[in-house]
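Some notes on the structure that comes next.
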Amino acid sequence: SRFISSFAYGTLVENRMEVFKYLKKFKIETRPLICGNIGRHPFWINKKGEIKLKNADIVHDYGLYLPNNFNLKEEDINYICKKFQDVAIPKFF
């Protein structure tokens, strides 16, 4: 049988770096969402100038991936959720 799973769960938080550092202490890997505003990256700015895109800027500034894969057991998911909830400040719009 085959398992299909996304590699991560995306979320938006006010304190992305604080969440990243806190979860890292507990060996929970995170990373910024990869679909932020490409118009704010140096290679684009050098060619075209900076572009302001409201929704892409939100993802760029507040987006964070939490781990997700088919090997996670329910206890792993609960652990990740608990640690995330201990520190994360949700970003609402």
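Numbering starts fresh at 1 for the residues of each chain in the structure tokens, the chains themselves are lettered A, B, ... in the order given, and ligands are numbered from 1 as they appear.
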Spatial neighbours of stretch 68-74 of chain A, 10 Å, only C-alpha atoms, chain gap at least 2 places, as a count of residues only: 15
List the spatial neighbours of A:Lys82 as a tab-separated table (two decimals) with all heavy atoms, in the first residue's frame - criterion: any atom at most 12 Å away, only C-alpha atoms, same-chain residues fewer than 4 positions off excluded.
```tsv
chain	number	residue	atom	x	y	z
A	22	TYR	N	12.42	27.98	19.77
A	22	TYR	CA	11.85	27.18	20.85
A	22	TYR	C	11.68	25.72	20.40
A	22	TYR	O	12.08	24.80	21.12
A	22	TYR	CB	10.51	27.78	21.27
A	22	TYR	CG	9.85	27.04	22.41
A	22	TYR	CD1	10.29	27.22	23.72
A	22	TYR	CD2	8.79	26.18	22.19
A	22	TYR	CE1	9.69	26.55	24.77
A	22	TYR	CE2	8.17	25.50	23.23
A	22	TYR	CZ	8.64	25.69	24.52
A	22	TYR	OH	8.04	25.03	25.56
A	23	LEU	N	11.09	25.52	19.24
A	23	LEU	CA	10.87	24.15	18.77
A	23	LEU	C	12.20	23.43	18.49
A	23	LEU	O	12.32	22.23	18.72
A	23	LEU	CB	9.97	24.14	17.54
A	23	LEU	CG	8.54	24.63	17.76
A	23	LEU	CD1	7.75	24.58	16.46
A	23	LEU	CD2	7.85	23.84	18.85
A	26	PHE	N	13.62	21.46	21.22
A	26	PHE	CA	12.95	20.18	21.45
A	26	PHE	C	13.07	19.24	20.24
A	26	PHE	O	12.34	18.27	20.12
A	26	PHE	CB	11.48	20.42	21.81
A	26	PHE	CG	11.32	21.15	23.10
A	26	PHE	CD1	11.12	22.52	23.12
A	26	PHE	CD2	11.40	20.47	24.31
A	26	PHE	CE1	10.99	23.21	24.32
A	26	PHE	CE2	11.28	21.15	25.51
A	26	PHE	CZ	11.07	22.52	25.52
A	28	ILE	N	12.33	19.68	17.15
A	28	ILE	CA	11.21	19.75	16.22
A	28	ILE	C	11.64	20.70	15.10
A	28	ILE	O	11.86	21.89	15.33
A	28	ILE	CB	9.93	20.27	16.91
A	28	ILE	CG1	9.53	19.33	18.05
A	28	ILE	CG2	8.81	20.42	15.89
A	28	ILE	CD1	8.40	19.87	18.91
A	75	GLU	N	1.11	10.31	19.29
A	75	GLU	CA	1.85	10.92	20.40
A	75	GLU	C	2.85	11.96	19.89
A	75	GLU	O	3.08	12.98	20.55
A	75	GLU	CB	2.54	9.86	21.25
A	75	GLU	CG	3.60	9.07	20.51
A	75	GLU	CD	3.99	7.78	21.21
A	75	GLU	OE1	3.09	7.05	21.65
A	75	GLU	OE2	5.20	7.51	21.28
A	76	ASP	N	3.44	11.72	18.72
A	76	ASP	CA	4.36	12.70	18.12
A	76	ASP	C	3.61	13.97	17.75
A	76	ASP	O	4.08	15.09	18.02
A	76	ASP	CB	5.02	12.14	16.86
A	76	ASP	CG	5.84	10.90	17.10
A	76	ASP	OD1	6.46	10.79	18.19
A	76	ASP	OD2	5.87	10.02	16.21
A	77	ILE	N	2.45	13.80	17.15
A	77	ILE	CA	1.64	14.95	16.73
A	77	ILE	C	1.20	15.75	17.95
A	77	ILE	O	1.29	16.99	17.95
A	77	ILE	CB	0.42	14.48	15.91
A	77	ILE	CG1	0.90	13.84	14.60
A	77	ILE	CG2	-0.54	15.64	15.64
A	77	ILE	CD1	-0.16	13.06	13.86
A	78	ASN	N	0.77	15.07	18.98
A	78	ASN	CA	0.38	15.76	20.22
A	78	ASN	C	1.54	16.52	20.83
A	78	ASN	O	1.37	17.65	21.33
A	78	ASN	CB	-0.21	14.77	21.22
A	78	ASN	CG	-1.55	14.23	20.80
A	78	ASN	OD1	-2.28	14.85	20.03
A	78	ASN	ND2	-1.89	13.04	21.27
A	86	ASP	N	2.66	26.16	23.21
A	86	ASP	CA	3.36	26.76	24.35
A	86	ASP	C	3.95	28.13	24.00
A	86	ASP	O	4.08	28.98	24.87
A	86	ASP	CB	4.51	25.88	24.83
A	86	ASP	CG	4.04	24.67	25.62
A	86	ASP	OD1	2.86	24.61	26.01
A	86	ASP	OD2	4.88	23.75	25.84
A	87	VAL	N	4.29	28.34	22.73
A	87	VAL	CA	5.03	29.55	22.37
A	87	VAL	C	4.39	30.39	21.26
A	87	VAL	O	4.55	31.60	21.23
A	87	VAL	CB	6.49	29.18	21.97
A	87	VAL	CG1	6.53	28.39	20.69
A	87	VAL	CG2	7.38	30.39	21.93
A	88	ALA	N	3.65	29.78	20.37
A	88	ALA	CA	3.15	30.47	19.19
A	88	ALA	C	2.09	31.52	19.51
A	88	ALA	O	1.21	31.28	20.32
A	88	ALA	CB	2.58	29.46	18.19
```
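With only C-alpha atoms as the atoms that count, the residue of A:Ile34, A:Ile51, A:Val19, A:Val59 with the shortest distance to A:Lys83 is A:Val19.
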DSSP helix (DSSP H, G or I) residues within chain A, listed as an MDAnalysis selection string: chainID A and resid 16:25 38:40 42:48 54:62 74:87
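If you look at atom CA of A:Asn15 and atom CA of A:Tyr62, they are 7.5 Å away from each other.
Residues with any atom within 10 Å of A:Glu14, counting only C-alpha atoms and excluding same-chain neighbours fewer than 2 positions away, are Leu12, Arg16, Met17, Glu18, Val19, Asp61, Tyr62, Gly63, Ala88, Ile89, Pro90, Lys91 and Phe92 of chain A.
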Give me a file of those residues, with all heavy atoms, as a CSV table (one decimal), in the first residue's frame.
```
chain,number,residue,atom,x,y,z
A,12,LEU,N,0.6,30.5,10.3
A,12,LEU,CA,1.0,31.9,10.4
A,12,LEU,C,1.1,32.3,11.8
A,12,LEU,O,0.1,32.1,12.6
A,12,LEU,CB,0.0,32.9,9.7
A,12,LEU,CG,-0.2,32.6,8.2
A,12,LEU,CD1,-1.3,33.5,7.6
A,12,LEU,CD2,1.1,32.8,7.4
A,16,ARG,N,7.5,34.3,14.6
A,16,ARG,CA,8.1,33.1,13.8
A,16,ARG,C,9.5,32.7,14.3
A,16,ARG,O,9.7,31.5,14.5
A,16,ARG,CB,8.1,33.5,12.3
A,16,ARG,CG,8.6,32.3,11.5
A,16,ARG,CD,8.4,32.6,10.0
A,16,ARG,NE,9.4,33.6,9.6
A,16,ARG,CZ,9.5,34.1,8.4
A,16,ARG,NH1,8.6,33.6,7.4
A,16,ARG,NH2,10.3,35.0,8.0
A,17,MET,N,10.4,33.6,14.5
A,17,MET,CA,11.7,33.3,14.9
A,17,MET,C,11.7,32.7,16.4
A,17,MET,O,12.5,31.8,16.7
A,17,MET,CB,12.7,34.5,14.8
A,17,MET,CG,13.1,34.8,13.4
A,17,MET,SD,13.7,33.4,12.5
A,17,MET,CE,15.2,33.0,13.3
A,18,GLU,N,10.9,33.2,17.2
A,18,GLU,CA,10.8,32.7,18.6
A,18,GLU,C,10.3,31.3,18.6
A,18,GLU,O,10.8,30.4,19.2
A,18,GLU,CB,9.9,33.6,19.4
A,18,GLU,CG,9.8,33.1,20.9
A,18,GLU,CD,8.8,34.0,21.7
A,18,GLU,OE1,8.2,34.9,21.1
A,18,GLU,OE2,8.6,33.7,22.9
A,19,VAL,N,9.3,31.0,17.7
A,19,VAL,CA,8.7,29.7,17.6
A,19,VAL,C,9.8,28.7,17.0
A,19,VAL,O,10.0,27.6,17.6
A,19,VAL,CB,7.5,29.6,16.7
A,19,VAL,CG1,7.0,28.2,16.4
A,19,VAL,CG2,6.3,30.4,17.3
A,61,ASP,N,6.4,37.1,5.9
A,61,ASP,CA,6.7,37.6,7.2
A,61,ASP,C,6.3,36.7,8.4
A,61,ASP,O,6.9,36.7,9.5
A,61,ASP,CB,6.1,39.0,7.5
A,61,ASP,CG,6.7,40.1,6.6
A,61,ASP,OD1,7.9,39.9,6.2
A,61,ASP,OD2,6.0,41.0,6.2
A,62,TYR,N,5.2,35.9,8.2
A,62,TYR,CA,4.6,35.2,9.3
A,62,TYR,C,4.5,33.7,9.1
A,62,TYR,O,4.1,33.0,10.0
A,62,TYR,CB,3.2,35.8,9.6
A,62,TYR,CG,3.2,37.3,9.9
A,62,TYR,CD1,2.8,38.2,8.9
A,62,TYR,CD2,3.7,37.7,11.1
A,62,TYR,CE1,2.8,39.5,9.2
A,62,TYR,CE2,3.8,39.1,11.3
A,62,TYR,CZ,3.3,40.0,10.4
A,62,TYR,OH,3.4,41.3,10.6
A,63,GLY,N,4.8,33.2,7.9
A,63,GLY,CA,4.6,31.8,7.5
A,63,GLY,C,5.6,30.9,8.1
A,63,GLY,O,6.8,31.2,8.1
A,88,ALA,N,3.6,29.8,20.4
A,88,ALA,CA,3.2,30.5,19.2
A,88,ALA,C,2.1,31.5,19.5
A,88,ALA,O,1.2,31.3,20.3
A,88,ALA,CB,2.6,29.5,18.2
A,89,ILE,N,2.2,32.6,18.8
A,89,ILE,CA,1.2,33.7,18.9
A,89,ILE,C,0.6,33.7,17.5
A,89,ILE,O,1.2,34.1,16.5
A,89,ILE,CB,1.8,35.1,19.2
A,89,ILE,CG1,2.5,35.0,20.6
A,89,ILE,CG2,0.7,36.1,19.2
A,89,ILE,CD1,3.3,36.3,20.9
A,90,PRO,N,-0.7,33.2,17.4
A,90,PRO,CA,-1.3,33.1,16.0
A,90,PRO,C,-1.4,34.5,15.4
A,90,PRO,O,-1.6,35.5,16.0
A,90,PRO,CB,-2.7,32.6,16.3
A,90,PRO,CG,-2.6,31.9,17.7
A,90,PRO,CD,-1.5,32.7,18.4
A,91,LYS,N,-1.3,34.5,14.1
A,91,LYS,CA,-1.4,35.7,13.3
A,91,LYS,C,-2.8,35.7,12.6
A,91,LYS,O,-3.1,34.8,11.9
A,91,LYS,CB,-0.4,35.8,12.2
A,91,LYS,CG,-0.4,37.1,11.4
A,91,LYS,CD,-0.1,38.3,12.2
A,91,LYS,CE,-0.1,39.6,11.3
A,91,LYS,NZ,-0.1,40.8,12.1
A,92,PHE,N,-3.7,36.6,13.0
A,92,PHE,CA,-5.0,36.7,12.4
A,92,PHE,C,-5.2,37.9,11.5
A,92,PHE,O,-4.5,38.9,11.8
A,92,PHE,CB,-6.1,36.8,13.6
A,92,PHE,CG,-6.1,35.6,14.5
A,92,PHE,CD1,-5.6,35.6,15.7
A,92,PHE,CD2,-6.7,34.4,14.0
A,92,PHE,CE1,-5.6,34.5,16.6
A,92,PHE,CE2,-6.7,33.3,14.8
A,92,PHE,CZ,-6.2,33.4,16.1
```
DSSP-assigned strand (DSSP E) among chain A, expressed as a VMD selection string: chain A and resid 8 to 12 31 to 32 63 to 67
I need the residues from that last selection saved to file as a PDB file, in the first residue's frame (with N, CA, C and O atoms), if you can.
```
ATOM      1  N   ALA A   8       4.829  19.008   5.315  1.00  0.00           N
ATOM      2  CA  ALA A   8       4.728  19.987   6.386  1.00  0.00           C
ATOM      3  C   ALA A   8       3.325  20.573   6.444  1.00  0.00           C
ATOM      4  O   ALA A   8       2.534  20.451   5.510  1.00  0.00           O
ATOM      5  N   TYR A   9       3.047  21.225   7.563  1.00  0.00           N
ATOM      6  CA  TYR A   9       1.771  21.901   7.772  1.00  0.00           C
ATOM      7  C   TYR A   9       2.073  23.391   7.915  1.00  0.00           C
ATOM      8  O   TYR A   9       2.835  23.794   8.800  1.00  0.00           O
ATOM      9  N   GLY A  10       1.498  24.203   7.065  1.00  0.00           N
ATOM     10  CA  GLY A  10       1.751  25.634   7.103  1.00  0.00           C
ATOM     11  C   GLY A  10       0.876  26.367   8.091  1.00  0.00           C
ATOM     12  O   GLY A  10      -0.298  26.035   8.263  1.00  0.00           O
ATOM     13  N   THR A  11       1.457  27.357   8.759  1.00  0.00           N
ATOM     14  CA  THR A  11       0.716  28.179   9.718  1.00  0.00           C
ATOM     15  C   THR A  11       1.282  29.596   9.701  1.00  0.00           C
ATOM     16  O   THR A  11       2.377  29.829   9.179  1.00  0.00           O
ATOM     17  N   LEU A  12       0.558  30.525  10.267  1.00  0.00           N
ATOM     18  CA  LEU A  12       1.006  31.913  10.370  1.00  0.00           C
ATOM     19  C   LEU A  12       1.095  32.296  11.841  1.00  0.00           C
ATOM     20  O   LEU A  12       0.132  32.113  12.592  1.00  0.00           O
ATOM     21  N   ARG A  31      10.579  25.435   9.346  1.00  0.00           N
ATOM     22  CA  ARG A  31      11.214  26.305   8.362  1.00  0.00           C
ATOM     23  C   ARG A  31      10.208  27.338   7.894  1.00  0.00           C
ATOM     24  O   ARG A  31       9.010  27.109   8.003  1.00  0.00           O
ATOM     25  N   PRO A  32      10.695  28.451   7.347  1.00  0.00           N
ATOM     26  CA  PRO A  32       9.760  29.448   6.827  1.00  0.00           C
ATOM     27  C   PRO A  32       8.984  28.872   5.645  1.00  0.00           C
ATOM     28  O   PRO A  32       9.497  28.016   4.913  1.00  0.00           O
ATOM     29  N   GLY A  63       4.791  33.233   7.855  1.00  0.00           N
ATOM     30  CA  GLY A  63       4.586  31.829   7.523  1.00  0.00           C
ATOM     31  C   GLY A  63       5.646  30.907   8.106  1.00  0.00           C
ATOM     32  O   GLY A  63       6.833  31.212   8.117  1.00  0.00           O
ATOM     33  N   LEU A  64       5.182  29.759   8.595  1.00  0.00           N
ATOM     34  CA  LEU A  64       6.066  28.764   9.200  1.00  0.00           C
ATOM     35  C   LEU A  64       5.502  27.371   8.935  1.00  0.00           C
ATOM     36  O   LEU A  64       4.299  27.150   9.057  1.00  0.00           O
ATOM     37  N   TYR A  65       6.378  26.453   8.554  1.00  0.00           N
ATOM     38  CA  TYR A  65       5.988  25.055   8.386  1.00  0.00           C
ATOM     39  C   TYR A  65       6.239  24.288   9.675  1.00  0.00           C
ATOM     40  O   TYR A  65       7.290  24.429  10.293  1.00  0.00           O
ATOM     41  N   LEU A  66       5.277  23.433  10.027  1.00  0.00           N
ATOM     42  CA  LEU A  66       5.458  22.455  11.097  1.00  0.00           C
ATOM     43  C   LEU A  66       5.603  21.089  10.442  1.00  0.00           C
ATOM     44  O   LEU A  66       5.060  20.851   9.361  1.00  0.00           O
ATOM     45  N   PRO A  67       6.335  20.163  11.064  1.00  0.00           N
ATOM     46  CA  PRO A  67       6.561  18.861  10.426  1.00  0.00           C
ATOM     47  C   PRO A  67       5.279  18.041  10.287  1.00  0.00           C
ATOM     48  O   PRO A  67       4.380  18.118  11.120  1.00  0.00           O
TER      49      PRO A  67
END
```
Long-range neighbours of A:Gly49 as a list in words, 12 Å cut-off, only C-alpha atoms, 5 positions minimum in chain: Ile38, Gly39, Arg40, His41, Pro42, Phe43 and Trp44 of chain A
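In this comparison, which uses only C-alpha atoms, the residue of A:Val13, A:Ile58, A:Gln85, A:Glu50 approaching A:Gly36 most closely is A:Ile58.
In this structure, atom CA of A:Phe93 sits 11.5 Å away from atom CA of A:Lys54.
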One-decimal distance in Å that lies between atom CA of A:Phe84 and atom CA of A:Cys35: 21.3 Å
